[in-house]
Amino acid sequence: MHDVVDAHLQVWNPDAVHYPWMTGDVAAVERPFRVPDVEYDLADEGVGKVVLVQAADNRADSELMLFQALSCPRVAGVVAWVPLTQPEDAAAQLDAWRMEPVVGVGHRVHEEPDPAWLLQPTVDESLGLLAERRLTLDLPAHTPTLLGHVATLAENHPKLTFVIQHLGAPPLAALRHGERDAWTHWSAMLGAVAQHPNVVAKLSGLGAAAGPGWTPEHLQPAVDRALDLFGPDRLMLGSNWPYALVDGDSYGRVWHGLRSTIDQLPGDARDLILGGTANRVYGLPLDDL
């Protein structure tokens, strides 16, 4: 098998980079986090490689990740940020990074005030640039509307791989309390986007979606739905560290909880979710164990 990959790890430094989402309710993570801070946890869990994912829509955040990649061998790829509404600037930035381990581009679209931000003509033009460079587009499509937009874009850009972060934020907390309407809507929208073969998803952020005191059993319905829709060859596992610390979840608790939801799968299917899919989707260097 290939290295186990944590496909969704972040680093940040609020002393040097502006994070608009970093307000008082996330005090637990309002400090610098670097890959070495989680190195022992990665080693304990047998995680050989990580993909760093942008935490802010600015260049400074991307440069911080690239510096971490330079100094930390476990960093196999970086999902950076470029100004998608400015195609010429986006192209210039991507060209400047052509020797860097940039494997995809992300945008925190769920924070945009315009719910149709993704459908702008300038963004559409930039998506063509990503496809030409064989980069992914990683999106936190946290609402049914955004999932619908991803489905539209995936149809319009069949050569571009779209990565849905955190499985599109399944309403697991509501499901725990017996409320099924939101779950049914999310499930239907995820089903619609999964019909496009160029869309993959991350099993990440599910603990936060399930709410405090979650157990693997609370995560299982979302994982099972994802497996039905995408299959293991279009799913990746991600810790969402260090944001998971907001809810008091350690790296080990999150990783163990997620891994236990796929324990029932055959070995080859588990291997895909634990690394094979990430290696293929992001074009990571392959290092056999």
# chains A, B, ... in the order shown; residues from 1 in each chain; ligands from 1

$ select_by_dssp --residues "range 11-259 of chain A" --states "helix (DSSP H, G or I)" --output "PyMOL selection string"
chain A and resi 24-29+35-44+59-71+87-96+109-111+117-119+121-132+144-156+165-168+172-176+181-194+206-210+216-230+232-234+243-247+251-259

$ select_by_dssp --residues "range 204-285 of chain A" --states "strand (DSSP E or B)" --output "PyMOL selection string"
chain A and resi 235-237+241

$ write_last_selection --atoms "all heavy atoms" --output "mmCIF file, in the first residue's frame"
data_model
loop_
_atom_site.group_PDB
_atom_site.id
_atom_site.type_symbol
_atom_site.label_atom_id
_atom_site.label_comp_id
_atom_site.auth_asym_id
_atom_site.auth_seq_id
_atom_site.Cartn_x
_atom_site.Cartn_y
_atom_site.Cartn_z
ATOM 1 N N LEU A 235 -13.145 9.254 -2.558
ATOM 2 C CA LEU A 235 -13.212 9.771 -1.192
ATOM 3 C C LEU A 235 -11.820 9.802 -0.572
ATOM 4 O O LEU A 235 -10.996 8.923 -0.817
ATOM 5 C CB LEU A 235 -14.128 8.906 -0.322
ATOM 6 C CG LEU A 235 -15.624 8.945 -0.645
ATOM 7 C CD1 LEU A 235 -16.373 7.922 0.193
ATOM 8 C CD2 LEU A 235 -16.195 10.339 -0.421
ATOM 9 N N MET A 236 -11.582 10.836 0.250
ATOM 10 C CA MET A 236 -10.324 11.000 0.967
ATOM 11 C C MET A 236 -10.622 11.282 2.432
ATOM 12 O O MET A 236 -11.694 11.789 2.764
ATOM 13 C CB MET A 236 -9.526 12.180 0.400
ATOM 14 C CG MET A 236 -9.173 12.066 -1.057
ATOM 15 S SD MET A 236 -8.327 13.564 -1.668
ATOM 16 C CE MET A 236 -9.720 14.505 -2.287
ATOM 17 N N LEU A 237 -9.667 10.997 3.299
ATOM 18 C CA LEU A 237 -9.805 11.246 4.729
ATOM 19 C C LEU A 237 -8.987 12.474 5.101
ATOM 20 O O LEU A 237 -7.837 12.617 4.661
ATOM 21 C CB LEU A 237 -9.318 10.030 5.524
ATOM 22 C CG LEU A 237 -10.003 9.736 6.856
ATOM 23 C CD1 LEU A 237 -11.463 9.381 6.625
ATOM 24 C CD2 LEU A 237 -9.305 8.579 7.562
ATOM 25 N N TRP A 241 -7.425 19.332 11.140
ATOM 26 C CA TRP A 241 -6.602 19.911 12.206
ATOM 27 C C TRP A 241 -5.969 21.180 11.687
ATOM 28 O O TRP A 241 -5.612 21.242 10.503
ATOM 29 C CB TRP A 241 -5.508 18.910 12.598
ATOM 30 C CG TRP A 241 -4.655 19.351 13.748
ATOM 31 C CD1 TRP A 241 -4.857 19.076 15.065
ATOM 32 C CD2 TRP A 241 -3.461 20.145 13.675
ATOM 33 N NE1 TRP A 241 -3.851 19.652 15.823
ATOM 34 C CE2 TRP A 241 -2.994 20.327 14.992
ATOM 35 C CE3 TRP A 241 -2.748 20.752 12.623
ATOM 36 C CZ2 TRP A 241 -1.848 21.060 15.287
ATOM 37 C CZ3 TRP A 241 -1.611 21.489 12.908
ATOM 38 C CH2 TRP A 241 -1.166 21.637 14.238
#

$ residues_around --residues "Lys159 in chain A" --least-positions-apart "2" --cutoff "12 Å" --atoms "only C-alpha atoms" --output "list in words"
Leu127, Gly128, Leu129, Leu130, Ala131, Glu132, Arg133, Arg134, Leu135, Thr136, Leu137, Leu153, Ala154, Glu155, Asn156, His157, Thr161, Phe162, His196, Pro197, Asn198 and Val199 of chain A

$ write_last_selection --atoms "N, CA, C and O atoms" --output "PDB file, in the first residue's frame"
ATOM      1  N   LEU A 127     -11.335  28.900 -13.872  1.00  0.00           N
ATOM      2  CA  LEU A 127     -11.436  27.453 -13.736  1.00  0.00           C
ATOM      3  C   LEU A 127     -10.801  26.746 -14.932  1.00  0.00           C
ATOM      4  O   LEU A 127     -10.237  25.661 -14.796  1.00  0.00           O
ATOM      5  N   GLY A 128     -10.889  27.373 -16.092  1.00  0.00           N
ATOM      6  CA  GLY A 128     -10.212  26.823 -17.261  1.00  0.00           C
ATOM      7  C   GLY A 128      -8.705  26.797 -17.076  1.00  0.00           C
ATOM      8  O   GLY A 128      -8.033  25.851 -17.523  1.00  0.00           O
ATOM      9  N   LEU A 129      -8.160  27.801 -16.381  1.00  0.00           N
ATOM     10  CA  LEU A 129      -6.725  27.832 -16.103  1.00  0.00           C
ATOM     11  C   LEU A 129      -6.318  26.664 -15.215  1.00  0.00           C
ATOM     12  O   LEU A 129      -5.258  26.057 -15.401  1.00  0.00           O
ATOM     13  N   LEU A 130      -7.163  26.351 -14.235  1.00  0.00           N
ATOM     14  CA  LEU A 130      -6.851  25.244 -13.336  1.00  0.00           C
ATOM     15  C   LEU A 130      -6.858  23.923 -14.090  1.00  0.00           C
ATOM     16  O   LEU A 130      -5.979  23.074 -13.886  1.00  0.00           O
ATOM     17  N   ALA A 131      -7.847  23.750 -14.959  1.00  0.00           N
ATOM     18  CA  ALA A 131      -7.924  22.505 -15.723  1.00  0.00           C
ATOM     19  C   ALA A 131      -6.703  22.340 -16.620  1.00  0.00           C
ATOM     20  O   ALA A 131      -6.148  21.239 -16.729  1.00  0.00           O
ATOM     21  N   GLU A 132      -6.278  23.429 -17.245  1.00  0.00           N
ATOM     22  CA  GLU A 132      -5.104  23.372 -18.117  1.00  0.00           C
ATOM     23  C   GLU A 132      -3.861  22.942 -17.345  1.00  0.00           C
ATOM     24  O   GLU A 132      -2.992  22.252 -17.882  1.00  0.00           O
ATOM     25  N   ARG A 133      -3.781  23.354 -16.083  1.00  0.00           N
ATOM     26  CA  ARG A 133      -2.598  23.058 -15.264  1.00  0.00           C
ATOM     27  C   ARG A 133      -2.765  21.791 -14.421  1.00  0.00           C
ATOM     28  O   ARG A 133      -1.927  21.476 -13.599  1.00  0.00           O
ATOM     29  N   ARG A 134      -3.877  21.097 -14.614  1.00  0.00           N
ATOM     30  CA  ARG A 134      -4.175  19.857 -13.888  1.00  0.00           C
ATOM     31  C   ARG A 134      -4.182  20.068 -12.386  1.00  0.00           C
ATOM     32  O   ARG A 134      -3.694  19.235 -11.611  1.00  0.00           O
ATOM     33  N   LEU A 135      -4.755  21.196 -11.968  1.00  0.00           N
ATOM     34  CA  LEU A 135      -4.932  21.496 -10.559  1.00  0.00           C
ATOM     35  C   LEU A 135      -6.388  21.256 -10.181  1.00  0.00           C
ATOM     36  O   LEU A 135      -7.283  21.351 -11.016  1.00  0.00           O
ATOM     37  N   THR A 136      -6.630  20.955  -8.917  1.00  0.00           N
ATOM     38  CA  THR A 136      -7.991  20.772  -8.441  1.00  0.00           C
ATOM     39  C   THR A 136      -8.579  22.111  -8.003  1.00  0.00           C
ATOM     40  O   THR A 136      -7.862  23.093  -7.790  1.00  0.00           O
ATOM     41  N   LEU A 137      -9.904  22.124  -7.828  1.00  0.00           N
ATOM     42  CA  LEU A 137     -10.577  23.234  -7.171  1.00  0.00           C
ATOM     43  C   LEU A 137     -11.225  22.675  -5.908  1.00  0.00           C
ATOM     44  O   LEU A 137     -12.128  21.843  -5.975  1.00  0.00           O
ATOM     45  N   LEU A 153     -20.905  23.697 -12.263  1.00  0.00           N
ATOM     46  CA  LEU A 153     -19.541  23.921 -12.735  1.00  0.00           C
ATOM     47  C   LEU A 153     -18.876  22.621 -13.170  1.00  0.00           C
ATOM     48  O   LEU A 153     -18.109  22.600 -14.142  1.00  0.00           O
ATOM     49  N   ALA A 154     -19.157  21.546 -12.460  1.00  0.00           N
ATOM     50  CA  ALA A 154     -18.568  20.257 -12.823  1.00  0.00           C
ATOM     51  C   ALA A 154     -19.045  19.814 -14.202  1.00  0.00           C
ATOM     52  O   ALA A 154     -18.284  19.210 -14.972  1.00  0.00           O
ATOM     53  N   GLU A 155     -20.272  20.123 -14.518  1.00  0.00           N
ATOM     54  CA  GLU A 155     -20.787  19.788 -15.851  1.00  0.00           C
ATOM     55  C   GLU A 155     -20.145  20.659 -16.919  1.00  0.00           C
ATOM     56  O   GLU A 155     -19.831  20.195 -18.018  1.00  0.00           O
ATOM     57  N   ASN A 156     -19.905  21.924 -16.581  1.00  0.00           N
ATOM     58  CA  ASN A 156     -19.319  22.858 -17.549  1.00  0.00           C
ATOM     59  C   ASN A 156     -17.818  22.676 -17.719  1.00  0.00           C
ATOM     60  O   ASN A 156     -17.259  23.097 -18.739  1.00  0.00           O
ATOM     61  N   HIS A 157     -17.170  22.067 -16.728  1.00  0.00           N
ATOM     62  CA  HIS A 157     -15.711  21.886 -16.773  1.00  0.00           C
ATOM     63  C   HIS A 157     -15.381  20.416 -16.495  1.00  0.00           C
ATOM     64  O   HIS A 157     -14.835  20.080 -15.437  1.00  0.00           O
ATOM     65  N   THR A 161     -11.085  18.689 -11.807  1.00  0.00           N
ATOM     66  CA  THR A 161     -11.508  17.920 -10.647  1.00  0.00           C
ATOM     67  C   THR A 161     -11.925  18.862  -9.526  1.00  0.00           C
ATOM     68  O   THR A 161     -11.147  19.729  -9.109  1.00  0.00           O
ATOM     69  N   PHE A 162     -13.144  18.684  -9.042  1.00  0.00           N
ATOM     70  CA  PHE A 162     -13.683  19.464  -7.935  1.00  0.00           C
ATOM     71  C   PHE A 162     -13.611  18.622  -6.659  1.00  0.00           C
ATOM     72  O   PHE A 162     -14.007  17.456  -6.664  1.00  0.00           O
ATOM     73  N   HIS A 196     -21.515  13.614 -11.170  1.00  0.00           N
ATOM     74  CA  HIS A 196     -20.444  14.082 -12.049  1.00  0.00           C
ATOM     75  C   HIS A 196     -19.145  13.388 -11.650  1.00  0.00           C
ATOM     76  O   HIS A 196     -18.657  13.569 -10.524  1.00  0.00           O
ATOM     77  N   PRO A 197     -18.558  12.615 -12.527  1.00  0.00           N
ATOM     78  CA  PRO A 197     -17.383  11.815 -12.157  1.00  0.00           C
ATOM     79  C   PRO A 197     -16.150  12.639 -11.823  1.00  0.00           C
ATOM     80  O   PRO A 197     -15.191  12.091 -11.246  1.00  0.00           O
ATOM     81  N   ASN A 198     -16.145  13.915 -12.161  1.00  0.00           N
ATOM     82  CA  ASN A 198     -14.998  14.771 -11.848  1.00  0.00           C
ATOM     83  C   ASN A 198     -15.142  15.467 -10.495  1.00  0.00           C
ATOM     84  O   ASN A 198     -14.419  16.433 -10.212  1.00  0.00           O
ATOM     85  N   VAL A 199     -16.058  14.983  -9.666  1.00  0.00           N
ATOM     86  CA  VAL A 199     -16.219  15.509  -8.313  1.00  0.00           C
ATOM     87  C   VAL A 199     -15.819  14.428  -7.316  1.00  0.00           C
ATOM     88  O   VAL A 199     -16.273  13.282  -7.417  1.00  0.00           O
TER      89      VAL A 199
END

$ residues_around --residues "Ala226 in chain A" --least-positions-apart "4" --cutoff "9 Å" --atoms "only C-alpha atoms" --output "PDB file with C-alpha atoms, in the first residue's frame"
ATOM      1  CA  LEU A 167     -18.525  16.326   2.633  1.00  0.00           C
ATOM      2  CA  LEU A 190     -24.869  15.519  -2.539  1.00  0.00           C
ATOM      3  CA  GLY A 191     -26.387  12.837  -4.751  1.00  0.00           C
ATOM      4  CA  ALA A 194     -21.874  13.014  -7.117  1.00  0.00           C
ATOM      5  CA  ALA A 201     -15.143  14.505  -1.594  1.00  0.00           C
ATOM      6  CA  LEU A 203     -14.440  12.790   4.815  1.00  0.00           C
ATOM      7  CA  PRO A 221     -24.614   7.922   8.372  1.00  0.00           C
ATOM      8  CA  ALA A 222     -22.691  10.578   6.434  1.00  0.00           C
ATOM      9  CA  PHE A 230     -18.867   8.304  -4.540  1.00  0.00           C
ATOM     10  CA  GLY A 231     -17.305   4.952  -3.729  1.00  0.00           C
ATOM     11  CA  PRO A 232     -13.877   4.710  -2.072  1.00  0.00           C
ATOM     12  CA  LEU A 235     -13.212   9.771  -1.192  1.00  0.00           C
TER      13      LEU A 235
END

$ residues_around --residues "Trp97 in chain A" --least-positions-apart "4" --cutoff "12 Å" --atoms "only C-alpha atoms" --output "ChimeraX atom specification"
/A:59,62-63,66,78-82,90-93,101-105,133

$ write_last_selection --atoms "all heavy atoms" --output "tab-separated table (two decimals), in the first residue's frame"
chain	number	residue	atom	x	y	z
A	59	ARG	N	-2.80	35.79	-0.40
A	59	ARG	CA	-1.53	35.19	-0.81
A	59	ARG	C	-0.63	34.87	0.38
A	59	ARG	O	0.13	33.89	0.36
A	59	ARG	CB	-0.81	36.12	-1.78
A	59	ARG	CG	0.51	35.57	-2.27
A	59	ARG	CD	1.11	36.43	-3.36
A	59	ARG	NE	2.46	35.99	-3.72
A	59	ARG	CZ	3.18	36.51	-4.68
A	59	ARG	NH1	2.69	37.49	-5.42
A	59	ARG	NH2	4.41	36.08	-4.93
A	62	SER	N	-1.05	31.42	1.59
A	62	SER	CA	-0.43	30.45	0.69
A	62	SER	C	1.07	30.40	0.85
A	62	SER	O	1.68	29.33	0.85
A	62	SER	CB	-0.80	30.78	-0.77
A	62	SER	OG	-2.19	30.68	-0.98
A	63	GLU	N	1.69	31.55	0.99
A	63	GLU	CA	3.14	31.60	1.17
A	63	GLU	C	3.55	30.92	2.48
A	63	GLU	O	4.59	30.25	2.56
A	63	GLU	CB	3.63	33.04	1.15
A	63	GLU	CG	3.42	33.76	-0.19
A	63	GLU	CD	4.32	33.23	-1.30
A	63	GLU	OE1	5.21	32.38	-1.02
A	63	GLU	OE2	4.14	33.65	-2.45
A	66	LEU	N	3.50	27.22	1.79
A	66	LEU	CA	4.62	26.81	0.95
A	66	LEU	C	5.93	26.78	1.74
A	66	LEU	O	6.80	25.94	1.50
A	66	LEU	CB	4.74	27.73	-0.26
A	66	LEU	CG	3.60	27.60	-1.28
A	66	LEU	CD1	3.70	28.67	-2.35
A	66	LEU	CD2	3.62	26.21	-1.91
A	78	VAL	N	0.11	21.26	-1.58
A	78	VAL	CA	-0.50	22.46	-1.01
A	78	VAL	C	-1.67	22.89	-1.89
A	78	VAL	O	-1.54	22.99	-3.11
A	78	VAL	CB	0.53	23.62	-0.93
A	78	VAL	CG1	-0.15	24.93	-0.57
A	78	VAL	CG2	1.62	23.29	0.08
A	79	VAL	N	-2.81	23.10	-1.25
A	79	VAL	CA	-3.97	23.69	-1.92
A	79	VAL	C	-3.93	25.18	-1.59
A	79	VAL	O	-4.25	25.59	-0.47
A	79	VAL	CB	-5.29	23.05	-1.46
A	79	VAL	CG1	-6.48	23.77	-2.09
A	79	VAL	CG2	-5.31	21.58	-1.83
A	80	ALA	N	-3.51	25.99	-2.54
A	80	ALA	CA	-3.24	27.40	-2.34
A	80	ALA	C	-4.45	28.25	-2.76
A	80	ALA	O	-5.51	27.73	-3.14
A	80	ALA	CB	-1.99	27.81	-3.10
A	81	TRP	N	-4.27	29.55	-2.69
A	81	TRP	CA	-5.31	30.49	-3.10
A	81	TRP	C	-4.77	31.40	-4.19
A	81	TRP	O	-3.62	31.85	-4.13
A	81	TRP	CB	-5.77	31.35	-1.93
A	81	TRP	CG	-6.76	32.43	-2.32
A	81	TRP	CD1	-8.12	32.31	-2.40
A	81	TRP	CD2	-6.46	33.78	-2.70
A	81	TRP	NE1	-8.68	33.49	-2.81
A	81	TRP	CE2	-7.68	34.41	-3.00
A	81	TRP	CE3	-5.27	34.50	-2.82
A	81	TRP	CZ2	-7.75	35.74	-3.42
A	81	TRP	CZ3	-5.33	35.83	-3.24
A	81	TRP	CH2	-6.57	36.43	-3.52
A	82	VAL	N	-5.57	31.66	-5.20
A	82	VAL	CA	-5.30	32.68	-6.19
A	82	VAL	C	-6.60	33.46	-6.42
A	82	VAL	O	-7.69	32.95	-6.15
A	82	VAL	CB	-4.78	32.10	-7.53
A	82	VAL	CG1	-3.45	31.39	-7.34
A	82	VAL	CG2	-5.82	31.17	-8.16
A	90	ALA	N	-4.47	35.47	-11.56
A	90	ALA	CA	-4.45	34.08	-11.13
A	90	ALA	C	-3.45	33.28	-11.94
A	90	ALA	O	-2.67	32.48	-11.40
A	90	ALA	CB	-5.85	33.47	-11.26
A	91	ALA	N	-3.44	33.49	-13.26
A	91	ALA	CA	-2.51	32.77	-14.12
A	91	ALA	C	-1.06	33.13	-13.79
A	91	ALA	O	-0.19	32.26	-13.74
A	91	ALA	CB	-2.82	33.08	-15.58
A	92	ALA	N	-0.81	34.40	-13.56
A	92	ALA	CA	0.55	34.83	-13.24
A	92	ALA	C	1.03	34.21	-11.94
A	92	ALA	O	2.18	33.78	-11.82
A	92	ALA	CB	0.60	36.36	-13.16
A	93	GLN	N	0.13	34.15	-10.95
A	93	GLN	CA	0.52	33.57	-9.67
A	93	GLN	C	0.79	32.07	-9.79
A	93	GLN	O	1.76	31.54	-9.24
A	93	GLN	CB	-0.56	33.82	-8.62
A	93	GLN	CG	-0.17	33.40	-7.23
A	93	GLN	CD	1.10	34.11	-6.76
A	93	GLN	OE1	1.09	35.32	-6.53
A	93	GLN	NE2	2.19	33.37	-6.64
A	101	PRO	N	5.06	22.90	-4.70
A	101	PRO	CA	4.17	21.73	-4.61
A	101	PRO	C	2.69	22.10	-4.53
A	101	PRO	O	1.93	21.54	-3.73
A	101	PRO	CB	4.65	21.05	-3.32
A	101	PRO	CG	5.12	22.16	-2.46
A	101	PRO	CD	5.78	23.14	-3.42
A	102	VAL	N	2.27	23.05	-5.38
A	102	VAL	CA	0.86	23.44	-5.42
A	102	VAL	C	0.10	22.41	-6.23
A	102	VAL	O	0.39	22.20	-7.41
A	102	VAL	CB	0.69	24.85	-6.02
A	102	VAL	CG1	-0.80	25.18	-6.20
A	102	VAL	CG2	1.36	25.89	-5.14
A	103	VAL	N	-0.87	21.75	-5.60
A	103	VAL	CA	-1.62	20.68	-6.26
A	103	VAL	C	-3.07	21.06	-6.52
A	103	VAL	O	-3.80	20.35	-7.21
A	103	VAL	CB	-1.58	19.38	-5.43
A	103	VAL	CG1	-0.15	18.87	-5.32
A	103	VAL	CG2	-2.18	19.60	-4.03
A	104	GLY	N	-3.48	22.18	-5.97
A	104	GLY	CA	-4.86	22.62	-6.16
A	104	GLY	C	-5.03	24.05	-5.70
A	104	GLY	O	-4.11	24.67	-5.14
A	105	VAL	N	-6.22	24.57	-5.95
A	105	VAL	CA	-6.58	25.93	-5.54
A	105	VAL	C	-7.87	25.85	-4.75
A	105	VAL	O	-8.78	25.09	-5.11
A	105	VAL	CB	-6.75	26.85	-6.77
A	105	VAL	CG1	-7.46	28.15	-6.40
A	105	VAL	CG2	-5.39	27.15	-7.39
A	133	ARG	N	-3.78	23.35	-16.08
A	133	ARG	CA	-2.60	23.06	-15.26
A	133	ARG	C	-2.77	21.79	-14.42
A	133	ARG	O	-1.93	21.48	-13.60
A	133	ARG	CB	-2.30	24.27	-14.36
A	133	ARG	CG	-1.80	25.48	-15.15
A	133	ARG	CD	-1.92	26.75	-14.33
A	133	ARG	NE	-1.29	27.89	-15.00
A	133	ARG	CZ	-1.81	28.55	-16.01
A	133	ARG	NH1	-2.99	28.19	-16.50
A	133	ARG	NH2	-1.17	29.58	-16.56

$ residues_around --residues "Met65 in chain A" --least-positions-apart "6" --cutoff "12 Å" --atoms "only C-alpha atoms" --output "JSON, numbers by chain"
{"A": [9, 10, 11, 12, 13, 17, 33, 34, 35, 50, 51, 52, 53, 54, 55, 56, 58, 59, 71, 72, 75, 76, 77, 78, 79, 80, 81, 100, 101, 102]}

$ closest_residue --among "A:Leu265, A:Ala209, A:Val29, A:Val123" --to "Pro171 in chain A" --atoms "only C-alpha atoms"
A:Ala209

$ closest_residue --among "A:His149, A:Arg280, A:Arg253, A:His8" --to "Trp117 in chain A" --atoms "only C-alpha atoms"
A:His149

$ atom_distance --atom1 "CA of Thr152 in chain A" --atom2 "CA of Gly276 in chain A"
26.9 Å

$ residues_around --residues "Gly252 in chain A" --least-positions-apart "2" --cutoff "9 Å" --atoms "only C-alpha atoms" --output "list in words"
Asp41, Leu42, Asp44, Glu45, Asp249, Ser250, Val254, Trp255, His256 and Gly257 of chain A

$ write_last_selection --atoms "N, CA and C atoms" --output "PDB file, in the first residue's frame"
ATOM      1  N   ASP A  41       1.740  13.345  16.541  1.00  0.00           N
ATOM      2  CA  ASP A  41       0.438  12.723  16.299  1.00  0.00           C
ATOM      3  C   ASP A  41       0.413  12.040  14.941  1.00  0.00           C
ATOM      4  N   LEU A  42       0.981  12.687  13.944  1.00  0.00           N
ATOM      5  CA  LEU A  42       1.026  12.092  12.606  1.00  0.00           C
ATOM      6  C   LEU A  42       1.812  10.788  12.638  1.00  0.00           C
ATOM      7  N   ASP A  44       2.350   8.862  15.271  1.00  0.00           N
ATOM      8  CA  ASP A  44       1.623   7.868  16.063  1.00  0.00           C
ATOM      9  C   ASP A  44       0.504   7.218  15.261  1.00  0.00           C
ATOM     10  N   GLU A  45      -0.142   8.000  14.390  1.00  0.00           N
ATOM     11  CA  GLU A  45      -1.273   7.487  13.607  1.00  0.00           C
ATOM     12  C   GLU A  45      -0.832   6.873  12.282  1.00  0.00           C
ATOM     13  N   ASP A 249     -11.380  18.617  20.295  1.00  0.00           N
ATOM     14  CA  ASP A 249     -11.021  17.310  19.750  1.00  0.00           C
ATOM     15  C   ASP A 249      -9.534  17.265  19.419  1.00  0.00           C
ATOM     16  N   SER A 250      -8.843  16.291  19.942  1.00  0.00           N
ATOM     17  CA  SER A 250      -7.431  16.122  19.631  1.00  0.00           C
ATOM     18  C   SER A 250      -7.276  15.501  18.245  1.00  0.00           C
ATOM     19  N   VAL A 254      -9.951  12.651  16.470  1.00  0.00           N
ATOM     20  CA  VAL A 254     -10.577  12.852  15.159  1.00  0.00           C
ATOM     21  C   VAL A 254     -10.161  11.749  14.192  1.00  0.00           C
ATOM     22  N   TRP A 255      -8.862  11.480  14.129  1.00  0.00           N
ATOM     23  CA  TRP A 255      -8.379  10.503  13.153  1.00  0.00           C
ATOM     24  C   TRP A 255      -8.905   9.105  13.460  1.00  0.00           C
ATOM     25  N   HIS A 256      -8.892   8.731  14.746  1.00  0.00           N
ATOM     26  CA  HIS A 256      -9.420   7.419  15.128  1.00  0.00           C
ATOM     27  C   HIS A 256     -10.910   7.328  14.814  1.00  0.00           C
ATOM     28  N   GLY A 257     -11.635   8.410  15.114  1.00  0.00           N
ATOM     29  CA  GLY A 257     -13.066   8.398  14.865  1.00  0.00           C
ATOM     30  C   GLY A 257     -13.395   8.229  13.403  1.00  0.00           C
TER      31      GLY A 257
END

$ closest_residue --among "A:Asp57, A:Ala69, A:Glu125, A:Ser260" --to "Val109 in chain A" --atoms "only C-alpha atoms"
A:Asp57

$ decode --residues "range 118-123 of chain A" --atoms "all heavy atoms" --output "CSV table (one decimal), in the first residue's frame"
chain,number,residue,atom,x,y,z
A,118,LEU,N,-19.6,31.8,-7.2
A,118,LEU,CA,-18.9,30.8,-8.0
A,118,LEU,C,-19.3,30.9,-9.5
A,118,LEU,O,-18.6,30.4,-10.4
A,118,LEU,CB,-19.2,29.4,-7.5
A,118,LEU,CG,-18.4,28.9,-6.4
A,118,LEU,CD1,-19.0,27.5,-5.9
A,118,LEU,CD2,-16.9,28.7,-6.8
A,119,LEU,N,-20.5,31.5,-9.8
A,119,LEU,CA,-21.0,31.5,-11.1
A,119,LEU,C,-20.6,32.8,-11.9
A,119,LEU,O,-21.1,32.9,-13.1
A,119,LEU,CB,-22.5,31.4,-11.1
A,119,LEU,CG,-23.1,30.2,-10.3
A,119,LEU,CD1,-24.6,30.2,-10.4
A,119,LEU,CD2,-22.5,28.9,-10.9
A,120,GLN,N,-19.7,33.6,-11.4
A,120,GLN,CA,-19.2,34.8,-12.1
A,120,GLN,C,-18.4,34.3,-13.4
A,120,GLN,O,-17.6,33.4,-13.3
A,120,GLN,CB,-18.4,35.6,-11.2
A,120,GLN,CG,-19.1,36.2,-10.0
A,120,GLN,CD,-18.1,37.0,-9.1
A,120,GLN,OE1,-17.9,38.2,-9.3
A,120,GLN,NE2,-17.6,36.3,-8.1
A,121,PRO,N,-18.6,35.1,-14.5
A,121,PRO,CA,-17.8,34.8,-15.7
A,121,PRO,C,-16.3,34.8,-15.5
A,121,PRO,O,-15.6,33.9,-16.1
A,121,PRO,CB,-18.2,35.8,-16.7
A,121,PRO,CG,-19.6,36.3,-16.2
A,121,PRO,CD,-19.5,36.2,-14.7
A,122,THR,N,-15.8,35.7,-14.6
A,122,THR,CA,-14.4,35.7,-14.4
A,122,THR,C,-13.9,34.5,-13.7
A,122,THR,O,-12.8,33.9,-13.9
A,122,THR,CB,-14.0,36.9,-13.6
A,122,THR,OG1,-14.8,37.0,-12.4
A,122,THR,CG2,-14.1,38.2,-14.4
A,123,VAL,N,-14.7,34.0,-12.7
A,123,VAL,CA,-14.4,32.8,-12.0
A,123,VAL,C,-14.4,31.6,-13.0
A,123,VAL,O,-13.5,30.7,-13.0
A,123,VAL,CB,-15.3,32.5,-10.9
A,123,VAL,CG1,-15.1,31.1,-10.2
A,123,VAL,CG2,-15.2,33.6,-9.8
